[in-house]
Amino acid sequence: MKTISIIIPIYNEEKNIKNLFDSLTNLFIGMEVEYVFEFVFINDGSEDNSLEILESLDKSIGKIRIINFSRNFGQQNALKAGYDHCTGDAIICMDADLQNPPDMILQMISLWELGYDIVLCKRKDGNQNSGYLKGLFSRLFYKFLNILSEIRIEHNVPDFRLVDRKVLSELITLKEKDLFYRGIISWVGFKKVVIEYKHIPRDHGKTSYNLLKMMQLAASGITGFSLKPLYLSMLIGLLIILISFIYIFYALIIHYLGRTISGWTSIIVAIMFFGGIQLFFLGVIGVYVGKIFTQVKDRPNYIIKDHIY
Ligand code: UDP
Ligand code: MG
């Protein structure tokens with residue numbers, strides 16, 4: 001029999017776990033004759049009762065594994081832990097907050113049976129409950145990302161996907177510390193299909209991604225898949241040097257004509273402009289240096305306190 005692994009990262013989801021698990025197990029009734037289901041929950045340092053609730057889940061429908069982190073390591077690292085420890089032939093990851101409709105899983109499995117290696121789910125109507133600013137920011141981010149990087153990453157395709165075992169074997173050999181699976185999935189290749197679903201507002205609790213966290217993920221996503229920002233900074237630098245040569249030329253002529261003006265405005269404008277550009281690109285370089293720093297330290301992506309089977 002084939003095994004299907006369901007990977008679910010959990011961070012303070014005490015109100016959602018039971019509902020999610022019930023709808024998943026209801027969905028799988030009757031399918032046990034064909035498949036073995038393995039649930040891999042990663043408790044990513046929840047501060048509420050999530051762990052107790054996970055431990056109390058009914059174990060008659062499928063295997064349940066709980067990977068309990070020593071602290072919060074973030075969703076991407078929780079996904080990695082799930083990928084590292086699951087045993088399925090097809091591996092599905094999804095959010096715990098019921099925003100990813102469980103019944104999509106049936107469609108994902110049938111497409112996998114048809115021979116697709118990766119099944120991605122795309123939100124049909126965008127991220128409605130996320131507010132205007134977050135929505136705008138996310139659209140801009142994907143625009144930039146696709147201009148800047150060598151791979152194509154679709155907008156509104158969250159970490160809700162199925163991958164075949166052969167894709168997973170590639171994923172788990174990657175040694176990247178700074179993970180952005182949406183990009184990595186696009187980078188690995190293989191035979192893909194995208195299906196659409198309607199996004200459901202969060203059931204309980206609130207999103208743990210605020211604007212700052214999103215910006216971090218965005219910076220990490222862009223710099224993780226492209227060196228173009230560095231080349232862009234060189235190009236802009238060159239352009240400014242060119243412009244300043246023209247300006248210097250102009251200033252010298254004015255000087256020799258004896259019409260030296262007070263020039264305060266132009267100095268202030270130039271200082272502000274160049275200062276801004278320099279700071280911005282120092283930041284860009286900083287992000288890359290930071291990435292090298294994390295990579296070189298070679299610390300593990302997560303620490304497991306205990307495995308509960
Ligand atoms: N999550 C996690 N660690 C974190 C933040 C989130 O494991 O540090 C989990 C969370 O429990 C949920 C999924 O990742 O299952 C997506 O999180 P969330 O709903 O907050 O993100 P959004 O849907 O707003 O992108
Ligand atoms: Mg969510």
# chains A, B, ... in the order shown; residues from 1 in each chain; ligands from 1
$ residues_near_ligand --ligand "ligand 1" --cutoff "8 Å" --atoms "only C-alpha atoms and all ligand atoms" --output "tab-separated table (two decimals) with C-alpha atoms, in the first residue's frame"
chain	number	residue	atom	x	y	z
A	8	ILE	CA	1.26	20.23	9.48
A	9	PRO	CA	3.32	22.87	11.30
A	10	ILE	CA	1.69	24.02	14.50
A	11	TYR	CA	2.30	27.28	16.28
A	12	ASN	CA	-0.35	28.21	18.84
A	13	GLU	CA	-3.22	26.48	17.07
A	42	ILE	CA	5.48	19.73	14.10
A	43	ASN	CA	4.90	21.60	17.31
A	44	ASP	CA	6.93	24.73	16.64
A	45	GLY	CA	7.30	25.92	20.22
A	72	ASN	CA	9.88	28.36	17.90
A	73	PHE	CA	11.97	27.97	14.75
A	74	GLY	CA	9.45	29.31	12.23
A	75	GLN	CA	7.14	27.71	9.71
A	76	GLN	CA	9.74	27.01	7.01
A	78	ALA	CA	8.97	23.24	10.78
A	79	LEU	CA	8.21	22.18	7.21
A	94	MET	CA	-0.72	22.36	4.76
A	95	ASP	CA	-1.50	25.03	7.35
A	96	ALA	CA	-3.20	24.13	10.58
A	97	ASP	CA	-5.62	27.03	10.53
A	99	GLN	CA	-7.29	28.17	5.47
A	130	SER	CA	-5.02	39.75	5.09
A	158	PRO	CA	1.21	29.13	-0.34
A	202	ARG	CA	-8.82	31.94	9.42
A	206	LYS	CA	-4.56	35.20	14.29
A	207	THR	CA	-1.85	35.04	11.67
A	208	SER	CA	1.67	34.99	13.02
A	209	TYR	CA	2.98	36.78	9.95
$ closest_atom_pairs --of "range 57-109 of chain A" --to "range 118-122 of chain A" --cutoff "10 Å" --atoms "only C-alpha atoms" --output "CSV"
residue,atom,partner,partner_atom,distance
A:Ala90,CA,A:Ile118,CA,9.3
A:Ile91,CA,A:Ile118,CA,9.6
A:Ile92,CA,A:Val119,CA,9.1
A:Asn100,CA,A:Cys121,CA,8.8
A:Met104,CA,A:Cys121,CA,8.3
A:Ile105,CA,A:Cys121,CA,9.8
A:Gln107,CA,A:Val119,CA,9.2
A:Met108,CA,A:Val119,CA,6.1
A:Ile109,CA,A:Val119,CA,8.6
$ atom_distance --atom1 "CA of Glu52 in chain A" --atom2 "CA of Glu14 in chain A"
8.8 Å
$ select_by_dssp --residues "range 60-266 of chain A" --states "alpha helix (DSSP H)" --output "NGL selection string"
:A and (75-85 or 104-113 or 132-148 or 165-171 or 181-188 or 211-224 or 228-256 or 264-266)
